[in-house]
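Notes follow the structure.
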Amino acid sequence: MPPANAPSPMLAQWFAAKENHPDALLFFRMGDFFELFFEDAERAAPALDIALTTRGEHAGKPIPMCGVPAANAEPYLARLIRRGFRIAIVEQTETPEQARARGHRGPLPRAVVRVVTPGTVTEEALLEPDRPSWVAAAALGADGMAGLAWLDISTGAFACRSVPARDLAGAVGALEPAELLVAEEAASEPALAPWRNRLVALPGARFRPEPARRALEEAYGVRTLEGFGAFSEAELAAAGAVLGYVRTTQAGKLPLLAPLSREAGGTTMAIDAATRKSLELGAGETGLLRAIDRTVTAAGARLLAARIASPSTLVGAIAARHDAAGFFLADAAAREDIRVLLRRAPDMARALGRLGLGRGAARDLAAIRDGLGAAAAIGARLAACLLPRPSLLADAEAGLDPAPALAGRLSLALVPAPPVKASESGAVASGFDAALDAARGLRDDSRRVVAGLEAAYRAATGIPNLKLRHTAQLGYFAEVPEAAGLALREASPPPLPGLAHRQTMAGTMRFITTELAELDARIVSAASEAEAREAGILAELAAAVRADARGIAAAAEALAAIDVAAATAVLAEAEGWTRPEITEGRDFVVEDGRHPVVEAAVRAEGGAFVANGADLSPGTRLWLITGPNMAGKSTYLRQNALIAILAQAGLFVPARAARIGVVDRLFSRVGASDDLARGRSTFMVEMVETAAILNLASPSSLVILDEIGRGTATWDGLAIAWSVLEALHDRLRCRALFATHFHELTALSGKLPELRLAQFGAREWRGEVVFLHALKPGAADRSWGIAVARLAGLPREVTARAAAVLAALEERARGLTPLAEELPLFAGAPKAAQAGPREAAFAALVEANPDAMSPLEAHALLVRLKSLL
Ligand code: ADP
Ligand code: MG
């Protein structure tokens with residue numbers, strides 16, 4: 001007799017599974033439902049918007065419960081995953097019949113068959129079609145280097161690299177993994193803070209390089225990993241952690257892994273997290289990807305996103321991508337034909353991923369069939385081109401027909417559009433397998449015989465509205481109105497052999513006959529034979545696909561590369577983009593550059609975008625840009641950073657011409673006041689981010705600084721901006737664009753020979769300020785603030801007085817020119833004058849933003865200025 005509080009045998013199963021997966025919601029299979037219990041139910045019910053009920057009792061209390069239908073669980077899983085839950089799927093591992101057959105009593109045996117986590121989903125409904133889905137792991141090495149590994153279980157892509165620990169956040173940013181695995185002791189690492197809500201902390205033991213090496217060798221079935229590359233210990237540790245994690249979540253299974261590839265250091269442009277954010281590289285509303293993506297396949301979109309996230313630094317590789325795009329620009333007919341074919345190509349990589357995990361359905365086999373068909377047709381179309389194909393396309397072309405025998409077999413075997421659900425039959429075409437056809441024939445013939453019986457039964461019984469029907473419980477039966485049925489039951493001899501009453505429903509009665517029972521049995525056995533035969537054929541086809549997995553995966557990659565090249569040409573042709581010249585030098589010349597996202601927005605409002613050039617080549621490396629608010633400074637800065645990214649991603653650029661020496665690192669920083677809305681300790685953030693530039697930028701880097709130093713008192717800010725500018729010029733010697741509202745900085749132009757001054761102007765026209773958005777040499781006229789204040793309706797006497805004060809201040813500020821001469825570079829602090837009342841007044845005025853002032857605030861400012869003086 002169990003103690004009163006002991007859980008029922010089924011609850012005991014639940015507790016056992018929960019103990020192994022305390023951090024996951026248990027989807028506990030009970031018949032046709034996945035049920036959730038206890039706290040799981042209380043957390044999931046509101047997230048899923050489903051009813052919370054109770055079932056039975058435990059420890060004297062009702063057990064909270066909610067459930068979702070097992071056959072339609074995907075949307076519920078998707079919702080939970082998006083909310084950051086992990087879900088352990090607990091399945092019945094035997095059917096009730098199997099359990100009965102071996103004399104088992106009690107609840108059906110159950111086991112966790114899979115843990116669904118954000119990074120390990122494979123279902124189409126749970127994946128973003130045009131984004132890779134990475135599980136990444138970071139392992140910190142002893143030498144200040146970190147190993148980073150990432151695996152997309154939906155496609156099997158697997159890679160790793162080493163990064164200096166300080167670049168880790170940026171490298172993770174390039175991947176945007178769904179989950180980032182780290183050792184428990186590294187979870188609080190500040191560099192990983194931006195990824196806090198995707199972190200999965202694992203025991204440190206999962207990050208040991210030697211066991212990792214053995215696990216990888218075993219997974220690939222090789223004696224040594226040497227053929228794959230030379231991996232560092234931290235890389236191995238990270239790759240091993242990913243592999244182990246995936247294996248755990250898949251209950252021991254592994255996806256079809258592509259060979260672990262190692263990305264060599266310095267082959268991609270380093271872009272840190274702050275830069276990614278400030279440039280909006282992603283697919284968001286105002287993101288770069290959204291504006292430039294002209295691909296027609298999901299795999300193409302994923303490749304494009306990956307190239308933008310990690311632009312190359314290899315001149316040869318970049319040129320190969322440009323060549324491929326150039327080919328499609330030259331042969332528009334081939335491009336359009338191929339894009340038509342690409343649109344028909346399903347996502348082979350992900351279908352392959354599901355088949356590899358044994359989770360694929362007939363739909364996935366059909367995707368491989370159609371993908372291989374499209375690939376072969378594209379290969380043939382390329383081969384028919386007169387122009388020689390550049391290397392990237394020639395390589396792709398060579399891999400487009402990897403498994404002709406398999407492709408032929410899939411075409412014969414499958415119906416054009418197999419059912420979506422794995423449980424539905426009818427995927428295998430008739431004529432493919434004689435035994436299957438025979439079983440189906442038997443099943444269908446019997447059905448036809450049944451259908452033909454109705455008329456005969458009506459005649460034999462004399463009941464004109466007798467109907468033959470079918471239910472799962474009774475099989476086939478004859479249904480008659482109750483009155484006729486009562487007579488039929490009593491008829492002697494019965495008009496049909498073996499006639500027997502089975503059920504009485506409201507107003508009707510149901511009868512079976514020997515003949516119906518026999519036919520039913522025949523149909524059931526033929527149907528189950530057909531089903532088993534079909535499942536066997538599908539399993540065989542899936543195995544054949546897995547055997548050709550490498551070639552199919554390569555063909556899928558080739559299609560993606562072709563898609564991106566053609567899309568690059570489409571964009572270039574439609575928007576007038578040009579092929580940039582990439583050099584090993586330090587050039588940065590852009591003629592008539594544009595900002596792809598702002599240009600689209602300006603055009604949508606009926607405006608015209610004004611193109612502006614840049615030349616940061618040696619001799620003019622540093623541009624100091626001034627101009628009133630809204631003049632276009634930020635847009636200009638970002639457009640040049642984006643042009644560098646696009647160019648090195650292998651795309652064309654929004655400019656009349658561009659020559660760019662490879663950028664090794666890109667930095668973009670925005671002054672803190674632009675960030676105030678988010679309420680962070682802004683000046684500190686700004687300085688931390690600026691410090692990173694001063695520590696990391698090399699002469700090959702490109703630095704974008706947008707109004708740095710705004711987050712603090714004017715003099716501090718000016719002093720910091722001043723010294724940063726000097727450091728960029730003299731010490732880091734990188735290319736840089738520096739937008740500032742500190743006009744005093746223009747005094748440095750005499751001092752720093754490679755510094756150029758450029759400005760955005762504005763004009764007053766019919767009582768309005770018109771921004772010209774055109775960049776011209778020189779420093780901006782600083783009286784714009786007052787002009788704008790006047791236009792905004794500030795009282796005349798206030799603006800007149802402000803103009804006078806400004807004139808006096810400018811007189812003073814000219815004193816900064818000698819200061820620029822005076823200050824030896826990197827000497828200690830300047831001999832700053834004691835802050836007197838005049839300095840305070842000056843600071844108050846410089847800090848004031850007339851554009852944003854109400855008349856009342858302007859008045860208050862004047863009162864304050866007067867009192868200070
Ligand atoms: P600033 O940084 O100088 O305050 P922004 O770069 O934020 O100015 O630009 C303000 C607005 O001006 C943009 O949102 C856009 O609408 C418009 N704009 C900027 N640059 C251009 C341009 N080159 N051509 C046309 N409109 C532009
Ligand atoms: Mg700005």
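To be explicit about the labels: the chains of the structure tokens are called A, B, and onward in the order shown, and within each one the residues are counted from 1, while ligands get numbers from 1 in the order they are shown.
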Would you pick out the contacts of Gly356 in chain A at 7 Å or less, using only C-alpha atoms, so that residues sharing its chain but fewer than 6 positions from it are not included, and give the list as a list in words?
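In the requested format, the answer is Pro255, Leu256 and Arg546 of chain A.
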Expected file contents, prior selection, N, CA and C atoms, as a PDB file, in the first residue's frame:
ATOM      1  N   PRO A 255      21.953  16.208 -35.948  1.00  0.00           N
ATOM      2  CA  PRO A 255      21.589  16.530 -37.328  1.00  0.00           C
ATOM      3  C   PRO A 255      22.706  16.095 -38.268  1.00  0.00           C
ATOM      4  N   LEU A 256      22.446  16.127 -39.559  1.00  0.00           N
ATOM      5  CA  LEU A 256      23.497  15.862 -40.552  1.00  0.00           C
ATOM      6  C   LEU A 256      24.448  17.050 -40.495  1.00  0.00           C
ATOM      7  N   ARG A 546      19.615  11.074 -47.319  1.00  0.00           N
ATOM      8  CA  ARG A 546      20.705  11.252 -46.350  1.00  0.00           C
ATOM      9  C   ARG A 546      22.027  10.786 -46.937  1.00  0.00           C
TER      10      ARG A 546
END
What residues of the protein or nucleic acid chains come within 7 Å of ligand 1 when you use only C-alpha atoms and all ligand atoms? Reply as a list in words.
Arg594, Val598, Glu599, Val602, Ala608, Phe609, Val610, Ala611, Asn612, Gly627, Pro628, Asn629, Met630, Ala631, Gly632, Lys633, Ser634, Thr635, Tyr636, His773 and Ala774 of chain A
Take the residues just selected and output them with C-alpha atoms as a PDB file, in the first residue's frame.
ATOM      1  CA  ARG A 594      23.531  57.888 -50.992  1.00  0.00           C
ATOM      2  CA  VAL A 598      16.954  57.371 -45.886  1.00  0.00           C
ATOM      3  CA  GLU A 599      16.818  57.741 -49.660  1.00  0.00           C
ATOM      4  CA  VAL A 602      12.793  60.702 -48.609  1.00  0.00           C
ATOM      5  CA  ALA A 608      14.774  63.879 -53.722  1.00  0.00           C
ATOM      6  CA  PHE A 609      17.843  62.601 -51.933  1.00  0.00           C
ATOM      7  CA  VAL A 610      20.936  64.726 -52.406  1.00  0.00           C
ATOM      8  CA  ALA A 611      24.015  62.632 -53.160  1.00  0.00           C
ATOM      9  CA  ASN A 612      27.271  63.512 -51.413  1.00  0.00           C
ATOM     10  CA  GLY A 627      25.953  72.094 -39.845  1.00  0.00           C
ATOM     11  CA  PRO A 628      22.637  72.846 -38.191  1.00  0.00           C
ATOM     12  CA  ASN A 629      20.332  70.256 -36.789  1.00  0.00           C
ATOM     13  CA  MET A 630      18.462  68.286 -39.436  1.00  0.00           C
ATOM     14  CA  ALA A 631      20.962  69.267 -42.104  1.00  0.00           C
ATOM     15  CA  GLY A 632      21.921  65.672 -42.896  1.00  0.00           C
ATOM     16  CA  LYS A 633      25.086  65.021 -40.882  1.00  0.00           C
ATOM     17  CA  SER A 634      24.054  61.743 -39.319  1.00  0.00           C
ATOM     18  CA  THR A 635      22.684  60.441 -42.593  1.00  0.00           C
ATOM     19  CA  TYR A 636      25.921  61.263 -44.361  1.00  0.00           C
ATOM     20  CA  HIS A 773      21.567  68.466 -47.705  1.00  0.00           C
ATOM     21  CA  ALA A 774      24.606  69.177 -49.863  1.00  0.00           C
TER      22      ALA A 774
END
From the options A:Ser278, A:Glu768, A:Leu468, A:Pro753, which residue's atoms come nearest to ligand 2, counting only C-alpha atoms and all ligand atoms?
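Checking each of A:Ser278, A:Glu768, A:Leu468, A:Pro753 against ligand 2, counting only C-alpha atoms and all ligand atoms, the winner is A:Ser278.
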Pick out the residues sitting within 12 Å of Leu127 in chain A, and hand them over as a list in words; count only C-alpha atoms, and ignore anything fewer than 3 positions along from it in its own chain.
Glu74, Pro75, Leu77, Ala78, Arg79, Ile81, Arg82, Thr117, Pro118, Gly119, Thr120, Val121, Thr122, Glu123, Glu124, Asp130, Arg131, Pro132, Ser133, Trp134, Asp152, Ile153, Ser154, Thr155, Ala178, Ala298, Arg302, Asp347 and Arg350 of chain A
Name all residues at most 8 Å from Pro209 in chain A (count only C-alpha atoms; drop same-chain ones fewer than 3 positions away) and give them as a PDB file with C-alpha atoms, in the first residue's frame.
ATOM      1  CA  ALA A 212      35.135  17.824 -27.170  1.00  0.00           C
ATOM      2  CA  ARG A 213      37.697  16.666 -29.702  1.00  0.00           C
ATOM      3  CA  GLU A 233      41.510  24.534 -27.533  1.00  0.00           C
ATOM      4  CA  ALA A 234      38.903  27.227 -26.996  1.00  0.00           C
ATOM      5  CA  GLU A 235      37.410  26.558 -30.432  1.00  0.00           C
ATOM      6  CA  LEU A 236      37.197  22.853 -29.676  1.00  0.00           C
ATOM      7  CA  ALA A 237      35.657  23.550 -26.294  1.00  0.00           C
ATOM      8  CA  GLY A 240      32.055  20.444 -28.249  1.00  0.00           C
TER       9      GLY A 240
END
Residues near Leu474 in chain A, cut-off 12 Å, only C-alpha atoms, skip fewer than 2 positions along chain, as a PDB file with C-alpha atoms, in the first residue's frame:
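As written to disk, out.pdb reads:
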ATOM      1  CA  LEU A 468     -24.594   2.696 -45.855  1.00  0.00           C
ATOM      2  CA  ARG A 469     -22.302   4.593 -43.531  1.00  0.00           C
ATOM      3  CA  HIS A 470     -19.001   4.203 -41.730  1.00  0.00           C
ATOM      4  CA  THR A 471     -17.652   5.058 -38.284  1.00  0.00           C
ATOM      5  CA  ALA A 472     -14.372   4.140 -36.668  1.00  0.00           C
ATOM      6  CA  TYR A 476     -19.544  -0.144 -42.236  1.00  0.00           C
ATOM      7  CA  PHE A 477     -23.223  -0.434 -41.351  1.00  0.00           C
ATOM      8  CA  ALA A 478     -26.670   0.116 -42.786  1.00  0.00           C
ATOM      9  CA  GLU A 479     -28.673   2.923 -41.240  1.00  0.00           C
ATOM     10  CA  HIS A 501     -28.784  -4.760 -34.891  1.00  0.00           C
ATOM     11  CA  ARG A 502     -25.874  -2.803 -33.422  1.00  0.00           C
ATOM     12  CA  GLN A 503     -26.965   0.667 -32.286  1.00  0.00           C
ATOM     13  CA  ARG A 510     -27.844   0.734 -37.287  1.00  0.00           C
ATOM     14  CA  PHE A 511     -27.367  -2.809 -38.610  1.00  0.00           C
ATOM     15  CA  ILE A 512     -24.403  -4.814 -39.789  1.00  0.00           C
ATOM     16  CA  THR A 513     -24.268  -7.818 -42.094  1.00  0.00           C
ATOM     17  CA  LEU A 516     -20.268  -5.613 -44.579  1.00  0.00           C
ATOM     18  CA  ALA A 517     -18.145  -6.986 -41.760  1.00  0.00           C
ATOM     19  CA  ASP A 520     -14.703  -3.805 -43.653  1.00  0.00           C
ATOM     20  CA  ALA A 521     -12.035  -6.197 -42.431  1.00  0.00           C
TER      21      ALA A 521
END
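Around Leu175 in chain A, within 8 Å and counting only C-alpha atoms, the residues found are Trp134, Ala171, Val172, Gly173, Pro177, Ala306 and Ala309 of chain A, once anything fewer than 2 positions away on its own chain is removed.
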Students should find that CA of Asp433 in chain A and CA of Gly358 in chain A are spaced 22.7 Å
Please provide the set of residues having any atom within 10 Å of Ala438 in chain A, restricted to only C-alpha atoms, with same-chain residues fewer than 4 positions apart removed, written as a ChimeraX atom specification.
/A:430,433-434,442-444,526,529-530
Prev. selection, N, CA, C and O atoms, output as a CSV table (one decimal), in the first residue's frame:
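Saved the output as selection.csv:
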chain,number,residue,atom,x,y,z
A,430,SER,N,1.0,6.5,-57.6
A,430,SER,CA,0.7,5.1,-58.0
A,430,SER,C,1.6,4.8,-59.2
A,430,SER,O,2.0,5.7,-59.9
A,433,ASP,N,5.2,1.5,-57.0
A,433,ASP,CA,5.5,0.3,-56.3
A,433,ASP,C,4.3,-0.7,-56.5
A,433,ASP,O,3.2,-0.3,-56.1
A,434,ALA,N,4.5,-1.8,-57.0
A,434,ALA,CA,3.4,-2.7,-57.4
A,434,ALA,C,2.7,-3.2,-56.1
A,434,ALA,O,1.4,-3.3,-56.1
A,442,LEU,N,-7.0,-3.1,-53.6
A,442,LEU,CA,-7.9,-3.9,-52.8
A,442,LEU,C,-8.7,-3.1,-51.9
A,442,LEU,O,-10.0,-3.2,-51.8
A,443,ARG,N,-8.1,-2.1,-51.3
A,443,ARG,CA,-8.8,-1.2,-50.4
A,443,ARG,C,-9.9,-0.5,-51.1
A,443,ARG,O,-11.1,-0.4,-50.8
A,444,ASP,N,-9.5,0.1,-52.3
A,444,ASP,CA,-10.4,0.9,-53.0
A,444,ASP,C,-11.5,0.1,-53.7
A,444,ASP,O,-12.7,0.5,-53.7
A,526,ALA,N,-6.2,-4.0,-45.9
A,526,ALA,CA,-5.5,-3.5,-47.1
A,526,ALA,C,-5.0,-2.1,-46.9
A,526,ALA,O,-3.9,-1.7,-47.3
A,529,GLU,N,-2.0,-2.3,-44.7
A,529,GLU,CA,-0.9,-2.8,-45.5
A,529,GLU,C,-0.3,-1.7,-46.4
A,529,GLU,O,0.9,-1.4,-46.5
A,530,ALA,N,-1.2,-0.9,-47.0
A,530,ALA,CA,-0.8,0.2,-47.9
A,530,ALA,C,0.0,1.2,-47.1
A,530,ALA,O,1.0,1.7,-47.5
Which residue, A:His743, A:Leu856, A:Ala600, A:Ser8, has the smallest gap to Glu810 in chain A when you use only C-alpha atoms?
A:His743
Option closest in space to Pro194 in chain A, from A:Ala403, A:Ala273, A:Ala787, A:Leu436 [counting only C-alpha atoms]
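Ranked by minimum distance to Pro194 in chain A, first place goes to A:Ala273.
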Of the candidates A:Trp623, A:Phe588, A:Phe742, A:Phe328, which shows the shortest atom-to-atom distance to Ser700 in chain A, using only C-alpha atoms?
A:Phe588
Mind listing the strand (DSSP E) residues of range 209-326 of chain A, per DSSP on the backbone, as an mmCIF file with N, CA and C atoms, in the first residue's frame?
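So out.cif came out as:
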data_model
loop_
_atom_site.group_PDB
_atom_site.id
_atom_site.type_symbol
_atom_site.label_atom_id
_atom_site.label_comp_id
_atom_site.auth_asym_id
_atom_site.auth_seq_id
_atom_site.Cartn_x
_atom_site.Cartn_y
_atom_site.Cartn_z
ATOM 1 N N SER A 261 33.794 23.964 -40.050
ATOM 2 C CA SER A 261 34.747 24.828 -40.765
ATOM 3 C C SER A 261 35.290 25.873 -39.795
ATOM 4 N N ARG A 262 36.516 26.289 -40.058
ATOM 5 C CA ARG A 262 37.168 27.233 -39.160
ATOM 6 C C ARG A 262 37.384 28.538 -39.919
ATOM 7 N N GLU A 263 36.832 29.585 -39.359
ATOM 8 C CA GLU A 263 36.994 30.891 -39.989
ATOM 9 C C GLU A 263 38.302 31.480 -39.475
ATOM 10 N N ALA A 270 35.528 43.460 -38.546
ATOM 11 C CA ALA A 270 35.047 43.431 -37.166
ATOM 12 C C ALA A 270 34.081 44.604 -36.966
ATOM 13 N N ILE A 271 32.895 44.279 -36.507
ATOM 14 C CA ILE A 271 31.878 45.313 -36.268
ATOM 15 C C ILE A 271 31.334 45.063 -34.874
#
Computed interatomic separation between CA of Met684 in chain A and CA of Thr275 in chain A (Å):
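Separation of CA of Met684 in chain A and CA of Thr275 in chain A: 16.4 Å.
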Could you work out how far CA of Cys734 in chain A lies from CA of Ala165 in chain A, giving the answer in Å with one decimal?
22.6 Å
Which residue gives the smallest distance to Thr514 in chain A among A:Ala500, A:Pro419, A:Arg359, A:Leu809, with only C-alpha atoms counted?
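Using only C-alpha atoms, the shortest distance to Thr514 in chain A belongs to A:Ala500.
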